[in-house]
Each structure stands twice: as structure tokens, then as C-alpha cells.
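Before any comments, here is the structure.
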Amino acid sequence: MQMHSTRQRCALLAPLWLIAVMLSLLAQPTPLFAAPSLVLPTPPGEPWRIIQGYACGTHNGWDRYSLDLVQVHGPTYDAPIRAAAHGTLWHWEARSGTIILSHGNNFFTMYTHLSRPVTTERGRFFTVGEVLGYAGDRGSPGIPHLHFTAFTAGANGWSGRKSIPLTFAEGYDLPEIGGCNQHGGKVLTAMALQDPIITFTSAALPGGWYSADYQIDFSVAWGGGGLSQAWNMEPPADTPMFPGAFDGYARLADMGEGWHMLYVRAWGPDGRQTLASYGPLGFDYSPPVLTVTPAELHIVQTQPTVINWPAAEDALSGVSGYRIYLGQDPTGESEWFVTEPTLTLPTLAPGVYVLRVKPIDNAGNIGVWQTVMTIRVE
């Protein structure tokens, strides 16, 4: 009986204990969600208008707090769209041109109607402000625009999706204000997050001499205010030569033969400037010149002989060496190469030989074949 009574009491207490545990859990404070600071996803320095705001049209479901944005000046189509915060590419949907970035803590940003993405590689990390794609009209034909949403979701990224009112680091606070098309018509201008960064690319590397008219390409990140370029001097800092330009190029032939340095100055949308240089680079398309009067040499077969000829001249890149031919063909050529105008003759059978030389400069220009000596071996 005592055993039965104890069991009965435990059975009655168990539900009460479970209820107490649940109440204690409910009493714990719920952690507040902290969204990362967002910047506008549009190009810095450009005004974009909200053509559809919150709680209107297609923005009436889980994505109530979405914005449709278009360029105030320009076609919008193919305008660069940038990451609003550090994050990784979590999802790409080709049909609607949608990229979703994950920023951790179950927080996401969505960029829709892109004409094309920079990459579709899942897990690719984007820094804040980095271009992730280009505006278009996928899923909304004929109306190029950017549909932007920031939202929270469950652990799988899909369940429990809920958009949040937007606040941007540029100083734009867009709260819930009630009604349809909230904040519609407002013009928003993204800021530059840092000084412009100039990047150069070319097959012609600094410190080298080149005979081909290579192109030096340059592009500007965090730009938008324009750029200027000049050879062998810094371009003026007052106004850009090419307002609004983000990229450009120069060619070696722009300045002719010689040793040159390319300077590029870039402006950000807020007037900040960066000056960068590429080079020095040598441009030389003139072949080296060898001035020689052919000579004759008589030697015996066993006689070791060193032959010298006049050095070639090249006023720009300098002479790198000589192709030489030693044989019995008076028009012979070969790939034999020496760096100095001298040659130790190998053992030769009796006969008549010609030594022919072709100079090469450090830019790769090649002179003409010339016979510098006739050699008679007895």
C-alpha cells in the first residue's frame, strides 16, 4: 500500500513539475533581433527614386517592407547593384533574377529583377558595397528596376519569412507610417564607403620594355565622380576629364617611344580623390642597328679562335644579344643566341664558312641578318 501511495503521488506531481518548467522558460527574456547596418544597394552618388513603397501592389505579403527603385537619370537597366551588407550568396533564382544574401543570425537581403549576376556560386562572400549583379527586368518585363527587401526567416531561410522596415546608413529611416505605397516618390542617394580604388590590368608589366602597342586598362571601385589620366605627370585635381566614368584605358603608343609612367586620378561621388600610377613602361619599336664591314679570317683546323664583331646600338631599350649563324650557306639563319658580340669557334673541318649576325633589343625588336666575317679553315 505504501508503494502504491508513493507512485500515485509522483504521478500527480509530474504534470505540475512540467508546467513549472514551461512557465520558467516563458519567463526568460526573448533576445532582441539586431539587423546589420545596411547601405543603399544602388551605385554611390546616384539618385534613385522609390516607385513602389511599402504595403502596396505586390508588396502586401511577407515582403510588405520592400522598395522598388529606379535611376532618376538613366535607363536603370544594367546599373550595378551592390551588397547592402557583408554576406554570402545564399540563393540565386534565374527566372526572377533574384539574389539572396545571408548575413547570419537568420537575416537576409534580397535583390530582384537583376539582368545578370556577377556570380551564382553559393557561399560566395560579398563585402558591403561590392557589386553583385546588374539591374534589369527579369520577372517584370518592360520595367527595369530593383526590388529590394531585408527579411528574417527560420533556420532553413524560407519558413517564417518576415520583411522589416528599412533604415540605411546614409541617414534614410523608412518606418511604418500606414497606408499604401509608403515612402513612394522619395529619392535616395547611396554614399561612398571609402576612397576610390583604382585597379590596373595589362599584358605589359611595369619595368619592362615592349615593342607592341599594349593597352593598359583601369577601373575604379567606390568611384562615380569621374576620372582623369595623363602620361608622365599627375593630372589636375580640379575637375575630372571624364565626369561619371568608372573605367578607361591608355595605350603605349599614346606617348611614342620612350620610358613612361601612366597616372590616373579618380573621384568618388562625394568628391574624395585617389591618385594612382602604373609603370614605368618602356615603348620601343625601332630595331637595333649593327654597322659592320665584313672581314676575312684564315685559320688552321686545330687553331682555337675567338671572334669579335662591333656591338649593335639601340638608344632605347638596349641590345639583349645576337642570333648567329656559322655555316657554309651565305644566306643561312639559325636560332643560336649569344648575349655578347663574341664567339669562340668550334672545331671546323677545312672549308669556307660565313659568320652571320642578327641583333635583338630588350623590347624584342630584331635587326637584319648581316655577314660579319668569312672564315677559311685550312
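Each chain in the C-alpha cells gets a letter, A, B, ..., in the order shown, and its residues are numbered from 1; ligands are numbered from 1 in order too.
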Selection: 9 Å around Ala83 (chain A), only C-alpha atoms, excl. self and same-chain fewer than 2 positions, as a VMD selection string: chain A and resid 38 to 42 81 85 to 87 101 109 111 126 to 132
Cut-off 12 Å: closest region 316-357 of chain A/region 287-307 of chain A atom pairs per residue, using only C-alpha atoms, as CSV:
residue,atom,partner,partner_atom,distance
A:Leu316,CA,A:Pro288,CA,9.2
A:Ser317,CA,A:Pro288,CA,9.2
A:Gly318,CA,A:Pro288,CA,7.8
A:Val319,CA,A:Pro288,CA,6.8
A:Ser320,CA,A:Pro288,CA,9.7
A:Gly321,CA,A:Pro288,CA,10.1
A:Tyr322,CA,A:Leu290,CA,10.2
A:Leu326,CA,A:Ile307,CA,11.6
A:Glu340,CA,A:Ile307,CA,11.1
A:Pro341,CA,A:Ile307,CA,8.4
A:Thr342,CA,A:Ile307,CA,5.6
A:Leu343,CA,A:Ile307,CA,5.2
A:Thr344,CA,A:Val306,CA,4.3
A:Leu345,CA,A:Thr305,CA,5.7
A:Pro346,CA,A:Pro304,CA,7.8
A:Thr347,CA,A:Gln301,CA,6.8
A:Leu348,CA,A:Gln301,CA,6.2
A:Ala349,CA,A:Gln301,CA,6.4
A:Pro350,CA,A:Gln301,CA,6.4
A:Gly351,CA,A:Gln301,CA,9.4
A:Val352,CA,A:His298,CA,9.4
A:Tyr353,CA,A:Leu297,CA,9.7
A:Val354,CA,A:Glu296,CA,9.2
A:Leu355,CA,A:Pro294,CA,9.4
A:Arg356,CA,A:Pro294,CA,9.6
A:Val357,CA,A:Leu290,CA,8.8
Could you name the residues that touch region 181-188 of chain A at 6 Å or less, counting only C-alpha atoms, but leaving out those on the same chain fewer than 4 positions away, as an MDAnalysis selection string? chainID A and resid 47:56
Would you write out those residues with C-alpha atoms, as a CSV table (one decimal), in the first residue's frame?
chain,number,residue,atom,x,y,z
A,47,PRO,CA,19.9,59.4,-57.1
A,48,TRP,CA,17.3,56.6,-57.2
A,49,ARG,CA,13.6,57.0,-56.8
A,50,ILE,CA,11.1,54.8,-54.9
A,51,ILE,CA,8.4,53.9,-57.5
A,52,GLN,CA,6.6,51.5,-55.2
A,53,GLY,CA,6.9,51.6,-51.5
A,54,TYR,CA,5.6,49.6,-48.5
A,55,ALA,CA,2.3,47.9,-48.3
A,56,CYS,CA,1.0,48.4,-51.8
From A:Ser115, A:Asn105, A:Thr274, A:Gln229, residue lying nearest Ile143 (chain A) [only C-alpha atoms]: A:Ser115
Need to verify the contact set: Arg95 (chain A), 12 Å, only C-alpha atoms, exclusion of same-chain residues closer than 3 positions in sequence. Can you return it as number ranges by chain? A: 92, 98-99, 112-116, 136-141
Write to file, as a PDB file, in the first residue's frame, the residues of the selection just made, with N, CA, C and O atoms.
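Output contents, as saved in selection31.pdb:
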ATOM      1  N   TRP A  92      20.169  31.937 -55.684  1.00  0.00           N
ATOM      2  CA  TRP A  92      20.008  32.616 -56.970  1.00  0.00           C
ATOM      3  C   TRP A  92      18.848  31.974 -57.703  1.00  0.00           C
ATOM      4  O   TRP A  92      18.771  30.739 -57.825  1.00  0.00           O
ATOM      5  N   THR A  98      16.806  36.902 -59.071  1.00  0.00           N
ATOM      6  CA  THR A  98      16.861  37.193 -57.640  1.00  0.00           C
ATOM      7  C   THR A  98      18.114  36.624 -56.992  1.00  0.00           C
ATOM      8  O   THR A  98      18.391  35.423 -57.103  1.00  0.00           O
ATOM      9  N   ILE A  99      18.855  37.489 -56.312  1.00  0.00           N
ATOM     10  CA  ILE A  99      19.947  37.064 -55.436  1.00  0.00           C
ATOM     11  C   ILE A  99      19.509  37.316 -53.996  1.00  0.00           C
ATOM     12  O   ILE A  99      18.969  38.378 -53.676  1.00  0.00           O
ATOM     13  N   THR A 112      16.081  41.703 -56.519  1.00  0.00           N
ATOM     14  CA  THR A 112      15.288  41.009 -57.541  1.00  0.00           C
ATOM     15  C   THR A 112      15.204  41.818 -58.828  1.00  0.00           C
ATOM     16  O   THR A 112      15.316  43.043 -58.811  1.00  0.00           O
ATOM     17  N   HIS A 113      14.976  41.079 -59.945  1.00  0.00           N
ATOM     18  CA  HIS A 113      14.849  41.592 -61.314  1.00  0.00           C
ATOM     19  C   HIS A 113      16.205  41.941 -61.928  1.00  0.00           C
ATOM     20  O   HIS A 113      16.286  42.747 -62.871  1.00  0.00           O
ATOM     21  N   LEU A 114      17.292  41.327 -61.416  1.00  0.00           N
ATOM     22  CA  LEU A 114      18.614  41.582 -61.981  1.00  0.00           C
ATOM     23  C   LEU A 114      18.689  41.059 -63.414  1.00  0.00           C
ATOM     24  O   LEU A 114      18.149  39.999 -63.740  1.00  0.00           O
ATOM     25  N   SER A 115      19.370  41.812 -64.272  1.00  0.00           N
ATOM     26  CA  SER A 115      19.576  41.330 -65.641  1.00  0.00           C
ATOM     27  C   SER A 115      20.583  40.195 -65.666  1.00  0.00           C
ATOM     28  O   SER A 115      20.469  39.248 -66.432  1.00  0.00           O
ATOM     29  N   ARG A 116      21.581  40.278 -64.774  1.00  0.00           N
ATOM     30  CA  ARG A 116      22.569  39.210 -64.678  1.00  0.00           C
ATOM     31  C   ARG A 116      23.313  39.358 -63.355  1.00  0.00           C
ATOM     32  O   ARG A 116      23.477  40.456 -62.848  1.00  0.00           O
ATOM     33  N   GLY A 136      17.788  44.922 -63.942  1.00  0.00           N
ATOM     34  CA  GLY A 136      17.126  44.511 -65.170  1.00  0.00           C
ATOM     35  C   GLY A 136      15.624  44.432 -64.990  1.00  0.00           C
ATOM     36  O   GLY A 136      15.056  45.129 -64.143  1.00  0.00           O
ATOM     37  N   ASP A 137      14.978  43.559 -65.782  1.00  0.00           N
ATOM     38  CA  ASP A 137      13.522  43.426 -65.698  1.00  0.00           C
ATOM     39  C   ASP A 137      13.081  41.962 -65.696  1.00  0.00           C
ATOM     40  O   ASP A 137      11.963  41.647 -66.080  1.00  0.00           O
ATOM     41  N   ARG A 138      13.967  41.053 -65.263  1.00  0.00           N
ATOM     42  CA  ARG A 138      13.558  39.646 -65.181  1.00  0.00           C
ATOM     43  C   ARG A 138      12.379  39.518 -64.216  1.00  0.00           C
ATOM     44  O   ARG A 138      12.398  40.046 -63.110  1.00  0.00           O
ATOM     45  N   GLY A 139      11.368  38.832 -64.644  1.00  0.00           N
ATOM     46  CA  GLY A 139      10.178  38.649 -63.815  1.00  0.00           C
ATOM     47  C   GLY A 139       9.238  39.833 -63.828  1.00  0.00           C
ATOM     48  O   GLY A 139       8.142  39.756 -63.281  1.00  0.00           O
ATOM     49  N   SER A 140       9.650  40.937 -64.447  1.00  0.00           N
ATOM     50  CA  SER A 140       8.798  42.126 -64.557  1.00  0.00           C
ATOM     51  C   SER A 140       9.127  42.810 -65.881  1.00  0.00           C
ATOM     52  O   SER A 140       9.700  43.901 -65.908  1.00  0.00           O
ATOM     53  N   PRO A 141       8.801  42.180 -66.999  1.00  0.00           N
ATOM     54  CA  PRO A 141       9.251  42.650 -68.310  1.00  0.00           C
ATOM     55  C   PRO A 141       8.829  44.082 -68.606  1.00  0.00           C
ATOM     56  O   PRO A 141       7.703  44.485 -68.339  1.00  0.00           O
TER      57      PRO A 141
END
Polymer residues at most 9 Å from Glu121 (chain A), only C-alpha atoms, same-chain spacing of 5 or more positions, as a PDB file with C-alpha atoms, in the first residue's frame:
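Okay, out-v2.pdb is ready:
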ATOM      1  CA  LEU A  89      25.298  34.297 -51.665  1.00  0.00           C
ATOM      2  CA  TRP A  90      22.593  32.043 -50.285  1.00  0.00           C
ATOM      3  CA  HIS A  91      20.227  31.737 -53.261  1.00  0.00           C
ATOM      4  CA  TRP A  92      20.008  32.616 -56.970  1.00  0.00           C
TER       5      TRP A  92
END
Mind checking which residues fall within 7 Å of region 238-245 of chain A, counting only C-alpha atoms, ignoring those fewer than 3 positions away in the same chain, and posting them as a ChimeraX atom specification? /A:224-228
So, counting only C-alpha atoms, which residue among A:Arg251, A:Arg265, A:His147, A:His103 is closest to Leu67 (chain A)? A:His147
Enumerate, as an MDAnalysis selection string, the complete set of residues in region 206-286 of chain A that a backbone-based DSSP assignment places in strand (DSSP E). chainID A and resid 209:210 215:221 226:231 247:251 258:267 273:283
